[in-house]
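**Q** The file below is my_file-v5.txt, compact mmCIF, C-alpha atoms:
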# COMPACT_ATOMS: atom_id res chain seq x y z
CA MET A 110 -15.01 27.79 18.75
CA LYS A 111 -14.46 25.25 15.97
CA LYS A 112 -11.20 23.34 15.77
CA CYS A 113 -9.14 24.27 12.73
CA VAL A 114 -7.52 21.87 10.27
CA LEU A 115 -4.84 23.37 8.02
CA ILE A 116 -4.39 21.41 4.79
CA PHE A 117 -1.38 21.72 2.51
CA ASP A 118 -1.97 20.24 -0.95
CA ASP A 119 -1.30 21.60 -4.42
CA ASP A 120 -4.39 19.94 -5.92
CA LEU A 121 -7.41 22.22 -5.68
CA GLU A 122 -9.92 19.37 -6.03
CA ILE A 123 -8.34 17.47 -3.15
CA LEU A 124 -8.52 20.61 -1.02
CA MET A 125 -12.15 21.15 -2.03
CA VAL A 126 -13.35 17.64 -1.19
CA CYS A 127 -11.48 17.58 2.13
CA LYS A 128 -12.96 20.97 3.00
CA ILE A 129 -16.47 19.67 2.28
CA ILE A 130 -15.93 16.51 4.37
CA LEU A 131 -14.38 18.29 7.36
CA GLU A 132 -16.73 21.28 7.34
CA GLN A 133 -19.69 18.87 7.39
CA ALA A 134 -18.08 17.40 10.50
CA ASN A 135 -17.96 20.88 12.05
CA TYR A 136 -14.28 21.76 11.64
CA ARG A 137 -12.91 25.03 10.35
CA VAL A 138 -10.69 24.29 7.34
CA GLU A 139 -7.86 26.44 6.00
CA THR A 140 -6.03 25.45 2.83
CA ARG A 141 -2.69 26.25 1.22
CA VAL A 142 -1.29 25.18 -2.17
CA SER A 143 2.34 25.78 -1.19
CA CYS A 144 4.17 24.95 2.02
CA ASP A 145 7.10 27.35 1.89
CA ASP A 146 5.62 29.74 4.45
CA ILE A 147 4.45 27.05 6.86
CA ILE A 148 5.59 28.89 10.00
CA LYS A 149 3.76 32.08 8.97
CA ASP A 150 0.67 30.06 7.88
CA ILE A 151 0.52 28.36 11.28
CA ALA A 152 0.81 31.73 13.02
CA ASP A 153 -1.95 33.15 10.81
CA VAL A 154 -4.57 30.41 11.23
CA ASN A 155 -3.62 28.77 14.57
CA PRO A 156 -4.54 25.21 13.49
CA SER A 157 -5.35 22.32 15.82
CA MET A 158 -3.66 20.00 13.35
CA ILE A 159 -2.11 19.89 9.88
CA LEU A 160 -2.67 17.57 6.91
CA MET A 161 0.42 17.70 4.72
CA ASP A 162 0.86 16.41 1.18
CA LEU A 163 4.39 15.28 0.26
CA ARG A 164 4.62 16.43 -3.32
CA ILE A 165 3.88 20.11 -2.90
CA PRO A 166 5.77 23.22 -4.03
CA LYS A 167 8.35 24.28 -3.39
CA ILE A 168 10.21 22.73 -0.50
CA GLY A 169 7.95 19.63 -0.30
CA GLY A 170 5.85 18.32 2.58
CA GLU A 171 8.68 16.42 4.24
CA GLU A 172 10.89 19.50 4.57
CA ALA A 173 7.98 21.70 5.61
CA THR A 174 7.06 19.23 8.36
CA LYS A 175 10.66 19.08 9.57
CA LEU A 176 10.62 22.87 9.71
CA ALA A 177 7.40 22.98 11.76
CA LYS A 178 8.70 20.26 14.07
CA SER A 179 12.00 22.10 14.60
CA LYS A 180 10.42 25.29 16.01
CA LYS A 181 9.36 25.51 19.62
CA ALA A 182 6.31 27.59 18.72
CA THR A 183 4.94 25.00 16.27
CA ASN A 184 6.30 21.56 17.18
CA HIS A 185 3.30 20.69 19.38
CA ILE A 186 0.87 20.80 16.43
CA PRO A 187 0.13 17.30 15.09
CA VAL A 188 1.14 16.87 11.45
CA ILE A 189 -0.35 14.01 9.46
CA ILE A 190 1.35 13.20 6.17
CA PHE A 191 -1.29 12.80 3.51
CA SER A 192 -0.05 11.33 0.26
CA ALA A 193 -0.27 8.67 -2.45
CA ASN A 194 3.50 8.17 -2.25
CA THR A 195 4.28 4.53 -1.53
CA GLU A 196 7.16 5.61 0.72
CA ILE A 197 4.76 7.51 2.97
CA GLN A 198 5.71 5.61 6.12
CA HIS A 199 9.42 6.31 5.72
CA ALA A 200 8.73 9.97 4.89
CA THR A 201 6.59 10.24 8.04
CA GLU A 202 9.39 8.82 10.18
CA ARG A 203 12.04 11.01 8.55
CA ALA A 204 9.97 14.17 8.99
CA ASN A 205 9.08 13.30 12.61
CA ALA A 206 5.38 13.67 11.72
CA ASP A 207 2.64 12.28 13.94
CA GLY A 208 1.10 9.82 11.50
CA PHE A 209 0.07 9.28 7.92
CA LEU A 210 -3.00 8.78 5.78
CA LYS A 211 -2.60 7.08 2.41
CA LYS A 212 -4.42 8.45 -0.62
CA PRO A 213 -6.92 7.35 -1.73
CA PHE A 214 -8.48 7.30 1.73
CA GLU A 215 -11.83 6.27 3.18
CA VAL A 216 -13.83 9.31 4.35
CA ASN A 217 -14.26 7.65 7.75
CA ASP A 218 -10.50 7.17 8.07
CA LEU A 219 -9.96 10.87 7.39
CA LEU A 220 -12.57 11.81 10.00
CA ASP A 221 -11.06 9.37 12.53
CA ILE A 222 -7.50 10.63 12.13
CA VAL A 223 -8.61 14.26 12.39
CA ALA A 224 -10.77 13.53 15.46
CA THR A 225 -7.89 11.70 17.16
CA ASN A 226 -5.34 14.40 16.46
CA THR A 227 -7.51 17.32 17.46
CA ALA A 228 -8.85 15.66 20.61
CA GLU A 229 -6.14 16.95 22.95
CA VAL A 230 -6.00 20.45 21.59
CA SER A 231 -7.76 23.28 23.35
CA VAL A 232 -8.98 26.05 21.07
CA MET B 1476 52.97 -3.62 -11.50
CA PRO B 1477 56.33 -4.11 -9.66
CA ASP B 1478 59.82 -3.53 -11.20
CA GLU B 1479 62.81 -5.89 -10.62
CA GLU B 1480 63.34 -4.45 -7.09
CA GLY B 1481 59.72 -4.96 -6.15
CA LYS B 1482 58.83 -1.27 -6.25
CA THR B 1483 55.65 -0.18 -7.93
CA LYS B 1484 56.41 0.65 -11.55
CA THR B 1485 53.00 0.83 -13.13
CA TRP B 1486 49.67 1.45 -11.47
CA VAL B 1487 46.63 0.19 -13.33
CA THR B 1488 43.29 1.70 -12.42
CA VAL B 1489 39.97 0.62 -13.82
CA ALA B 1490 37.28 3.23 -13.48
CA THR B 1491 33.68 2.93 -14.58
CA ASP B 1492 31.65 6.04 -14.92
CA ILE B 1493 28.34 5.16 -13.22
CA HIS B 1494 27.02 8.69 -13.40
CA SER B 1495 24.64 7.99 -16.31
CA GLN B 1496 23.53 4.70 -14.69
CA LYS B 1497 22.76 6.53 -11.44
CA THR B 1498 20.93 9.25 -13.31
CA LYS B 1499 18.79 6.62 -15.05
CA GLU B 1500 17.98 4.99 -11.70
CA GLU B 1501 16.97 8.34 -10.24
CA THR B 1502 14.80 9.03 -13.29
CA LYS B 1503 13.02 5.69 -12.79
CA ASP B 1504 12.48 6.45 -9.08
CA GLU B 1505 11.12 9.83 -10.01
CA PHE B 1506 8.82 8.21 -12.58
CA ILE B 1507 7.39 5.79 -9.99
CA SER B 1508 6.82 8.63 -7.59
CA ILE B 1509 5.17 10.88 -10.21
CA ALA B 1510 3.06 8.06 -11.66
CA SER B 1511 1.86 7.15 -8.19
CA HIS B 1512 0.94 10.76 -7.44
CA GLU B 1513 -0.63 11.57 -10.81
CA LEU B 1514 -2.68 8.38 -11.05
CA LYS B 1515 -3.84 8.33 -7.47
CA THR B 1516 -4.80 11.99 -7.10
CA PRO B 1517 -7.90 11.84 -9.36
CA LEU B 1518 -8.74 8.50 -7.80
CA THR B 1519 -8.60 10.05 -4.32
CA ILE B 1520 -11.01 12.79 -5.36
CA ALA B 1521 -13.45 10.36 -7.02
CA LYS B 1522 -13.36 8.00 -4.04
CA ALA B 1523 -13.96 10.81 -1.53
CA TYR B 1524 -16.98 12.15 -3.45
CA ILE B 1525 -18.42 8.65 -3.91
CA ASP B 1526 -18.00 8.00 -0.17
CA LEU B 1527 -19.86 11.24 0.56
CA LEU B 1528 -22.55 10.29 -1.94
CA GLN B 1529 -22.97 6.88 -0.29
CA MET B 1530 -23.35 8.50 3.12
CA ASN B 1531 -26.11 10.77 1.81
CA LEU B 1532 -27.87 8.03 -0.19
CA GLN B 1533 -28.04 5.74 2.83
CA LYS B 1534 -30.78 8.01 4.10
CA THR B 1535 -32.68 8.41 0.84
CA SER B 1536 -32.45 6.01 -2.11
CA LYS B 1537 -31.46 2.34 -1.86
CA GLU B 1538 -31.28 1.91 -5.63
CA ASP B 1539 -29.00 4.92 -6.12
CA LEU B 1540 -26.91 3.72 -3.17
CA MET B 1541 -26.34 0.43 -4.99
CA TYR B 1542 -25.04 2.35 -8.04
CA ALA B 1543 -22.71 4.38 -5.84
CA GLN B 1544 -21.45 1.19 -4.16
CA LYS B 1545 -20.67 -0.34 -7.54
CA ALA B 1546 -18.77 2.82 -8.55
CA ALA B 1547 -16.85 2.67 -5.24
CA ALA B 1548 -15.95 -1.00 -5.83
CA SER B 1549 -14.61 -0.14 -9.28
CA ILE B 1550 -12.50 2.68 -7.85
CA ASP B 1551 -11.03 0.25 -5.32
CA ARG B 1552 -10.29 -2.19 -8.13
CA LEU B 1553 -8.57 0.51 -10.15
CA ASN B 1554 -6.58 1.56 -7.11
CA ASN B 1555 -5.39 -2.03 -6.63
CA LEU B 1556 -4.39 -2.29 -10.28
CA ILE B 1557 -2.39 0.93 -10.09
CA GLY B 1558 -0.76 -0.38 -6.90
CA GLU B 1559 0.17 -3.64 -8.64
CA LEU B 1560 1.65 -1.87 -11.67
CA LEU B 1561 3.72 0.33 -9.39
CA ASP B 1562 4.87 -2.77 -7.47
CA VAL B 1563 6.01 -4.38 -10.72
CA SER B 1564 7.91 -1.23 -11.60
CA LYS B 1565 9.56 -1.25 -8.16
CA ILE B 1566 10.49 -4.93 -8.42
CA GLN B 1567 12.04 -4.33 -11.84
CA ASN B 1568 14.15 -1.54 -10.37
CA GLY B 1569 15.04 -3.42 -7.19
CA LYS B 1570 13.14 -0.86 -5.15
CA LEU B 1571 10.54 -2.99 -3.42
CA GLY B 1572 11.23 -2.04 0.19
CA LEU B 1573 10.03 -3.92 3.28
CA ASN B 1574 8.88 -2.33 6.55
CA ILE B 1575 10.04 -4.93 9.02
CA ALA B 1576 8.46 -5.21 12.46
CA LYS B 1577 7.06 -7.90 14.78
CA PHE B 1578 3.35 -8.56 14.36
CA ASP B 1579 0.55 -10.98 15.20
CA PHE B 1580 0.35 -13.33 12.20
CA ASN B 1581 -3.11 -14.67 13.18
CA GLU B 1582 -4.54 -11.17 13.25
CA MET B 1583 -3.04 -10.42 9.82
CA ILE B 1584 -4.64 -13.61 8.44
CA SER B 1585 -8.02 -12.62 9.97
CA THR B 1586 -7.91 -9.22 8.25
CA ALA B 1587 -6.99 -10.84 4.91
CA ILE B 1588 -9.82 -13.37 5.21
CA GLU B 1589 -12.30 -10.68 6.24
CA GLY B 1590 -11.41 -8.53 3.21
CA THR B 1591 -11.65 -11.43 0.75
CA GLN B 1592 -14.83 -12.75 2.32
CA TYR B 1593 -16.44 -9.31 2.08
CA ALA B 1594 -15.65 -9.12 -1.66
CA SER B 1595 -16.68 -12.75 -2.31
CA PRO B 1596 -19.69 -13.60 -0.11
CA ASN B 1597 -20.49 -16.74 -2.14
CA HIS B 1598 -17.36 -18.55 -0.95
CA THR B 1599 -16.64 -19.63 2.60
CA ILE B 1600 -13.04 -19.52 3.75
CA HIS B 1601 -12.27 -22.24 6.31
CA ARG B 1602 -9.31 -21.50 8.49
CA SER B 1603 -7.23 -23.84 10.64
CA GLY B 1604 -3.99 -23.68 12.66
CA LYS B 1605 -2.47 -20.96 14.79
CA ILE B 1606 0.90 -19.22 15.01
CA GLU B 1607 1.85 -18.83 18.67
CA GLN B 1608 4.84 -16.53 18.26
CA LEU B 1609 4.96 -13.01 16.89
CA VAL B 1610 6.37 -13.00 13.37
CA ARG B 1611 9.02 -10.53 12.19
CA GLY B 1612 8.35 -9.32 8.66
CA ASP B 1613 6.45 -6.78 6.59
CA LYS B 1614 2.87 -7.24 7.78
CA GLU B 1615 1.27 -5.26 4.98
CA ARG B 1616 3.22 -7.02 2.23
CA LEU B 1617 2.55 -10.50 3.66
CA GLN B 1618 -1.13 -9.60 3.93
CA GLN B 1619 -1.00 -8.58 0.27
CA VAL B 1620 0.29 -12.10 -0.54
CA VAL B 1621 -2.45 -13.82 1.48
CA ILE B 1622 -5.16 -11.65 -0.12
CA ASN B 1623 -3.74 -12.38 -3.58
CA LEU B 1624 -3.74 -16.16 -2.97
CA LEU B 1625 -7.21 -16.14 -1.40
CA SER B 1626 -8.64 -13.97 -4.20
CA ASN B 1627 -7.13 -16.31 -6.81
CA ALA B 1628 -8.54 -19.34 -5.00
CA VAL B 1629 -12.01 -17.79 -5.08
CA LYS B 1630 -11.69 -16.48 -8.62
CA TYR B 1631 -10.54 -19.77 -10.14
CA SER B 1632 -13.12 -21.93 -8.36
CA PRO B 1633 -16.41 -20.47 -9.62
CA LYS B 1634 -18.27 -23.77 -9.23
CA ALA B 1635 -17.00 -24.54 -5.72
CA ASN B 1636 -17.79 -22.52 -2.63
CA VAL B 1637 -15.13 -23.45 -0.09
CA VAL B 1638 -11.50 -22.37 0.23
CA ASP B 1639 -9.27 -23.78 2.99
CA LEU B 1640 -6.48 -21.84 4.67
CA HIS B 1641 -4.14 -23.73 6.99
CA MET B 1642 -1.15 -22.31 8.82
CA GLU B 1643 1.47 -23.84 11.06
CA GLU B 1644 4.86 -23.08 12.56
CA LYS B 1645 7.75 -25.54 12.47
CA ASN B 1646 11.54 -25.21 12.77
CA GLY B 1647 11.44 -21.43 12.96
CA GLU B 1648 9.26 -21.07 9.88
CA VAL B 1649 5.62 -20.29 9.21
CA THR B 1650 3.89 -22.23 6.45
CA VAL B 1651 0.57 -21.16 4.97
CA ALA B 1652 -1.42 -23.39 2.59
CA ILE B 1653 -4.41 -22.09 0.62
CA LYS B 1654 -6.43 -24.80 -1.10
CA ASP B 1655 -9.25 -24.43 -3.60
CA ASN B 1656 -11.40 -26.92 -5.51
CA GLY B 1657 -11.32 -25.01 -8.75
CA ILE B 1658 -10.18 -25.38 -12.34
CA GLY B 1659 -6.56 -26.20 -11.45
CA ILE B 1660 -3.38 -25.57 -13.43
CA LYS B 1661 -1.78 -27.75 -16.09
CA LYS B 1662 1.38 -29.51 -14.90
CA GLU B 1663 3.53 -27.91 -17.60
CA ASN B 1664 2.42 -24.43 -16.51
CA ILE B 1665 2.90 -24.75 -12.77
CA LEU B 1666 6.20 -22.84 -12.71
CA LYS B 1667 5.24 -20.31 -15.38
CA ILE B 1668 2.38 -18.88 -13.31
CA PHE B 1669 4.89 -16.96 -11.17
CA GLU B 1670 6.29 -15.16 -14.20
CA ARG B 1671 5.39 -11.56 -14.91
CA TYR B 1672 2.31 -11.13 -17.16
CA TYR B 1673 1.96 -14.92 -17.61
CA ARG B 1674 -1.61 -16.17 -17.86
CA GLU B 1675 -2.74 -19.65 -18.86
CA GLU B 1676 -4.54 -19.43 -22.17
CA GLU B 1677 -7.79 -20.98 -20.89
CA ARG B 1678 -7.76 -18.73 -17.84
CA ALA B 1679 -7.12 -15.57 -19.84
CA VAL B 1680 -10.24 -16.23 -21.92
CA HIS B 1681 -12.60 -16.67 -19.00
CA PHE B 1682 -11.06 -14.66 -16.13
CA GLN B 1683 -9.96 -11.03 -15.90
CA GLY B 1684 -6.52 -10.02 -14.70
CA LEU B 1685 -3.10 -8.71 -15.69
CA GLY B 1686 -1.11 -11.74 -14.63
CA ILE B 1687 1.05 -9.87 -12.15
CA GLY B 1688 -0.44 -10.76 -8.74
CA LEU B 1689 1.48 -14.03 -8.32
CA TYR B 1690 4.66 -12.46 -9.68
CA ILE B 1691 4.45 -9.75 -6.99
CA SER B 1692 3.60 -12.31 -4.28
CA TYR B 1693 6.56 -14.47 -5.33
CA GLU B 1694 8.91 -11.48 -5.07
CA ILE B 1695 7.53 -10.43 -1.67
CA ILE B 1696 8.07 -13.94 -0.28
CA GLN B 1697 11.55 -14.13 -1.79
CA ARG B 1698 12.41 -10.79 -0.18
CA HIS B 1699 11.44 -12.40 3.14
CA ASN B 1700 13.94 -15.22 2.41
CA GLY B 1701 10.96 -17.53 1.96
CA ARG B 1702 9.46 -19.73 -0.73
CA LEU B 1703 6.16 -19.71 -2.64
CA TRP B 1704 5.03 -22.71 -4.65
CA ALA B 1705 1.94 -24.51 -5.91
CA GLU B 1706 0.57 -28.02 -6.36
CA SER B 1707 -2.33 -28.56 -8.70
CA LYS B 1708 -4.42 -30.96 -10.73
CA THR B 1709 -6.54 -29.81 -13.66
CA HIS B 1710 -10.25 -29.67 -12.75
CA LYS B 1711 -9.44 -30.81 -9.19
CA GLY B 1712 -8.06 -27.61 -7.73
CA SER B 1713 -4.82 -26.04 -6.54
CA THR B 1714 -2.97 -25.54 -3.28
CA PHE B 1715 -0.62 -22.60 -2.95
CA TYR B 1716 1.97 -22.68 -0.18
CA PHE B 1717 4.32 -20.10 1.20
CA LYS B 1718 6.94 -20.43 3.87
CA VAL B 1719 8.68 -17.55 5.64
CA PRO B 1720 11.05 -17.40 8.60
CA ILE B 1721 9.40 -16.42 11.90
CA ASN B 1722 12.27 -14.09 12.64
CA TYR B 1723 13.27 -12.46 9.34
CA GLN B 1724 16.85 -11.22 9.29
CA HIS B 1725 17.97 -8.92 6.51
Spit out the file's structure as structure tokens when you get a sec.
**A**
Amino acid sequence: MKKCVLIFDDDLEILMVCKIILEQANYRVETRVSCDDIIKDIADVNPSMILMDLRIPKIGGEEATKLAKSKKATNHIPVIIFSANTEIQHATERANADGFLKKPFEVNDLLDIVATNTAEVSV
Amino acid sequence: MPDEEGKTKTWVTVATDIHSQKTKEETKDEFISIASHELKTPLTIAKAYIDLLQMNLQKTSKEDLMYAQKAAASIDRLNNLIGELLDVSKIQNGKLGLNIAKFDFNEMISTAIEGTQYASPNHTIHRSGKIEQLVRGDKERLQQVVINLLSNAVKYSPKANVVDLHMEEKNGEVTVAIKDNGIGIKKENILKIFERYYREEERAVHFQGLGIGLYISYEIIQRHNGRLWAESKTHKGSTFYFKVPINYQH
């Protein structure tokens, strides 16, 4: 079974290009344009990892990550903050996320970070 | 104010309403954040598609691959320009933050040289000296300074092909010197080059740029409680120096 990457981003073109890149690398990709229902979304798609934008309706990626990291059922799923925000490192630390990827990114960096964070997960 | 018996008679309070000032600050912060997001989102999409295109073209057409590489280089350039404009905005608002940690200074210099060398294969960057201790500072920001100084050294020495980088540690400080054999800077302009948007007239005609790279570098070094300065002779070349404490304390 393919490993699943759940991407939260409110920009459809970003979601589209990431889907193309990751599907070519043999991942299953699920996308969401809002992060308010993150706990339900995780339950629905059972992701191996999450890519999370910061500026996303309504509660924002930082709060959504904190929420996922606060629940026993979801806190084991790696969350990578994925943003052009220059304060990305601080936001990652505050949200207790597992890492960050600055936009714009190199395709190989995206593939590396996804490979690293899905390596330990059994599907 | 006290009365004759020394008891408080009048109490004078000076209050300044900083609400509107704070609101303005927050608006500026919000602007930086929105500008960063809005400018970089289309850039992210373009860069990702160009990367994909390059991967596919590697197998098929060398000529088309070259076009895609040139497009990718322009996207990187645009990304750097946006980054610099956002840095200026942050400096103006006192919001240029540092991520302080201990790091290997030599490794940081290697990465900066590698990046500059890759973009400017016609110049050779000679490196000398070594920093034995770990340095405490913002690695990424200091690397930005080194890349800026190396790129300038290359850019303003089109007829020379060697740039020298020397580093040393002394009295708890690291000093880096970057020397080129280029067009040099007029004596009367040597201090002005660190000002925002300043560009020497002759340089502005022949070389591209916004005139903000040195301004940002100067601010980054100042934030590290360090010093950035230059020595130069017209048509002989310039040496840019910066000095930062090995163990930065806020």
**Q** Could you pull the residues within 10 Å of region 1547-1561 of chain B, counting only C-alpha atoms, minus those fewer than 2 positions along the same chain, as a ChimeraX atom specification?
**A** /A:195,212-213 /B:1506-1508,1510-1511,1514-1515,1518-1519,1521-1526,1529,1541-1545,1563-1567,1571,1594,1684-1685,1687-1688,1690-1691
**Q** Which polymer residues have any atom within 6 Å of an atom of region 1640-1644 of chain B, counting all atoms listed in the file, with same-chain residues fewer than 6 positions away left out, as a list in words?
**A** Arg1602, Ser1603, Gly1604, Thr1650, Val1651, Ala1652 and Ile1653 of chain B
**Q** When you draw a straight line from CA of Val142 (chain A) to CA of Asp118 (chain A), how long is it in Å?
**A**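 CA of Asp118 (chain A) lies 5.1 Å from CA of Val142 (chain A).
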**Q** Select residues of chain A: the criterion is any atom within 7 Å of an atom of chain B, counting only C-alpha atoms; output as a list in words.
**A**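 Result, ordered by chain then number: Glu122, Ile123, Val126, Ala193, Asn194, Lys212, Pro213, Phe214, Glu215 and Val216 of chain A.
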**Q** Show me the residues around (-8.8, -10.1, 5.9) - criterion: an atom at most 12 Å away, all atoms listed in the file counted - as a PDB file with C-alpha atoms, in the frame of the given file.
**A**
ATOM      1  CA  PHE B1580       0.350 -13.330  12.200  1.00  0.00           C
ATOM      2  CA  ASN B1581      -3.110 -14.670  13.180  1.00  0.00           C
ATOM      3  CA  GLU B1582      -4.540 -11.170  13.250  1.00  0.00           C
ATOM      4  CA  MET B1583      -3.040 -10.420   9.820  1.00  0.00           C
ATOM      5  CA  ILE B1584      -4.640 -13.610   8.440  1.00  0.00           C
ATOM      6  CA  SER B1585      -8.020 -12.620   9.970  1.00  0.00           C
ATOM      7  CA  THR B1586      -7.910  -9.220   8.250  1.00  0.00           C
ATOM      8  CA  ALA B1587      -6.990 -10.840   4.910  1.00  0.00           C
ATOM      9  CA  ILE B1588      -9.820 -13.370   5.210  1.00  0.00           C
ATOM     10  CA  GLU B1589     -12.300 -10.680   6.240  1.00  0.00           C
ATOM     11  CA  GLY B1590     -11.410  -8.530   3.210  1.00  0.00           C
ATOM     12  CA  THR B1591     -11.650 -11.430   0.750  1.00  0.00           C
ATOM     13  CA  GLN B1592     -14.830 -12.750   2.320  1.00  0.00           C
ATOM     14  CA  TYR B1593     -16.440  -9.310   2.080  1.00  0.00           C
ATOM     15  CA  ALA B1594     -15.650  -9.120  -1.660  1.00  0.00           C
ATOM     16  CA  SER B1595     -16.680 -12.750  -2.310  1.00  0.00           C
ATOM     17  CA  ILE B1600     -13.040 -19.520   3.750  1.00  0.00           C
ATOM     18  CA  ARG B1602      -9.310 -21.500   8.490  1.00  0.00           C
ATOM     19  CA  GLU B1615       1.270  -5.260   4.980  1.00  0.00           C
ATOM     20  CA  LEU B1617       2.550 -10.500   3.660  1.00  0.00           C
ATOM     21  CA  GLN B1618      -1.130  -9.600   3.930  1.00  0.00           C
ATOM     22  CA  GLN B1619      -1.000  -8.580   0.270  1.00  0.00           C
ATOM     23  CA  VAL B1620       0.290 -12.100  -0.540  1.00  0.00           C
ATOM     24  CA  VAL B1621      -2.450 -13.820   1.480  1.00  0.00           C
ATOM     25  CA  ILE B1622      -5.160 -11.650  -0.120  1.00  0.00           C
ATOM     26  CA  ASN B1623      -3.740 -12.380  -3.580  1.00  0.00           C
ATOM     27  CA  LEU B1624      -3.740 -16.160  -2.970  1.00  0.00           C
ATOM     28  CA  LEU B1625      -7.210 -16.140  -1.400  1.00  0.00           C
ATOM     29  CA  SER B1626      -8.640 -13.970  -4.200  1.00  0.00           C
TER      30      SER B1626
END
**Q** At what distance in Å, to one decimal, does CA of Leu1573 (chain B) lie from CA of Val223 (chain A)?
**A** 27.6 Å
**Q** As an exercise, work out the distance from CA of Pro187 (chain A) to CA of Leu124 (chain A) in Å and give it to one decimal place.
**A** 18.6 Å
**Q** Where atoms are absent from region 1541-1559 of chain B, fill them in so it carries N, CA and C atoms, then output it as a PDB file, in the coordinates of the input.
**A**
ATOM      1  N   MET B1541     -26.957   1.607  -4.359  1.00  0.00           N
ATOM      2  CA  MET B1541     -26.340   0.430  -4.990  1.00  0.00           C
ATOM      3  C   MET B1541     -25.426   0.862  -6.153  1.00  0.00           C
ATOM      4  N   TYR B1542     -25.877   1.851  -6.936  1.00  0.00           N
ATOM      5  CA  TYR B1542     -25.040   2.350  -8.040  1.00  0.00           C
ATOM      6  C   TYR B1542     -23.742   2.954  -7.495  1.00  0.00           C
ATOM      7  N   ALA B1543     -23.899   3.730  -6.431  1.00  0.00           N
ATOM      8  CA  ALA B1543     -22.710   4.380  -5.840  1.00  0.00           C
ATOM      9  C   ALA B1543     -21.760   3.327  -5.277  1.00  0.00           C
ATOM     10  N   GLN B1544     -22.310   2.256  -4.700  1.00  0.00           N
ATOM     11  CA  GLN B1544     -21.450   1.190  -4.160  1.00  0.00           C
ATOM     12  C   GLN B1544     -20.678   0.489  -5.268  1.00  0.00           C
ATOM     13  N   LYS B1545     -21.358   0.301  -6.402  1.00  0.00           N
ATOM     14  CA  LYS B1545     -20.670  -0.340  -7.540  1.00  0.00           C
ATOM     15  C   LYS B1545     -19.555   0.560  -8.061  1.00  0.00           C
ATOM     16  N   ALA B1546     -19.816   1.872  -8.111  1.00  0.00           N
ATOM     17  CA  ALA B1546     -18.770   2.820  -8.550  1.00  0.00           C
ATOM     18  C   ALA B1546     -17.598   2.768  -7.570  1.00  0.00           C
ATOM     19  N   ALA B1547     -17.910   2.702  -6.265  1.00  0.00           N
ATOM     20  CA  ALA B1547     -16.850   2.670  -5.240  1.00  0.00           C
ATOM     21  C   ALA B1547     -16.015   1.392  -5.387  1.00  0.00           C
ATOM     22  N   ALA B1548     -16.682   0.269  -5.673  1.00  0.00           N
ATOM     23  CA  ALA B1548     -15.950  -1.000  -5.830  1.00  0.00           C
ATOM     24  C   ALA B1548     -15.011  -0.933  -7.025  1.00  0.00           C
ATOM     25  N   SER B1549     -15.468  -0.270  -8.097  1.00  0.00           N
ATOM     26  CA  SER B1549     -14.610  -0.140  -9.280  1.00  0.00           C
ATOM     27  C   SER B1549     -13.409   0.749  -9.001  1.00  0.00           C
ATOM     28  N   ILE B1550     -13.623   1.789  -8.208  1.00  0.00           N
ATOM     29  CA  ILE B1550     -12.500   2.680  -7.850  1.00  0.00           C
ATOM     30  C   ILE B1550     -11.474   1.897  -7.027  1.00  0.00           C
ATOM     31  N   ASP B1551     -11.958   1.062  -6.108  1.00  0.00           N
ATOM     32  CA  ASP B1551     -11.030   0.250  -5.320  1.00  0.00           C
ATOM     33  C   ASP B1551     -10.237  -0.705  -6.214  1.00  0.00           C
ATOM     34  N   ARG B1552     -10.949  -1.262  -7.208  1.00  0.00           N
ATOM     35  CA  ARG B1552     -10.290  -2.190  -8.130  1.00  0.00           C
ATOM     36  C   ARG B1552      -9.190  -1.478  -8.926  1.00  0.00           C
ATOM     37  N   LEU B1553      -9.541  -0.281  -9.395  1.00  0.00           N
ATOM     38  CA  LEU B1553      -8.570   0.510 -10.150  1.00  0.00           C
ATOM     39  C   LEU B1553      -7.369   0.883  -9.279  1.00  0.00           C
ATOM     40  N   ASN B1554      -7.652   1.217  -8.039  1.00  0.00           N
ATOM     41  CA  ASN B1554      -6.580   1.560  -7.110  1.00  0.00           C
ATOM     42  C   ASN B1554      -5.639   0.363  -6.904  1.00  0.00           C
ATOM     43  N   ASN B1555      -6.216  -0.831  -6.786  1.00  0.00           N
ATOM     44  CA  ASN B1555      -5.390  -2.030  -6.630  1.00  0.00           C
ATOM     45  C   ASN B1555      -4.541  -2.289  -7.865  1.00  0.00           C
ATOM     46  N   LEU B1556      -5.146  -2.078  -9.040  1.00  0.00           N
ATOM     47  CA  LEU B1556      -4.390  -2.290 -10.280  1.00  0.00           C
ATOM     48  C   LEU B1556      -3.217  -1.318 -10.392  1.00  0.00           C
ATOM     49  N   ILE B1557      -3.467  -0.068 -10.050  1.00  0.00           N
ATOM     50  CA  ILE B1557      -2.390   0.930 -10.090  1.00  0.00           C
ATOM     51  C   ILE B1557      -1.285   0.503  -9.102  1.00  0.00           C
ATOM     52  N   GLY B1558      -1.716   0.073  -7.913  1.00  0.00           N
ATOM     53  CA  GLY B1558      -0.760  -0.380  -6.900  1.00  0.00           C
ATOM     54  C   GLY B1558       0.081  -1.537  -7.426  1.00  0.00           C
ATOM     55  N   GLU B1559      -0.560  -2.487  -8.119  1.00  0.00           N
ATOM     56  CA  GLU B1559       0.170  -3.640  -8.640  1.00  0.00           C
ATOM     57  C   GLU B1559       1.171  -3.223  -9.725  1.00  0.00           C
TER      58      GLU B1559
END
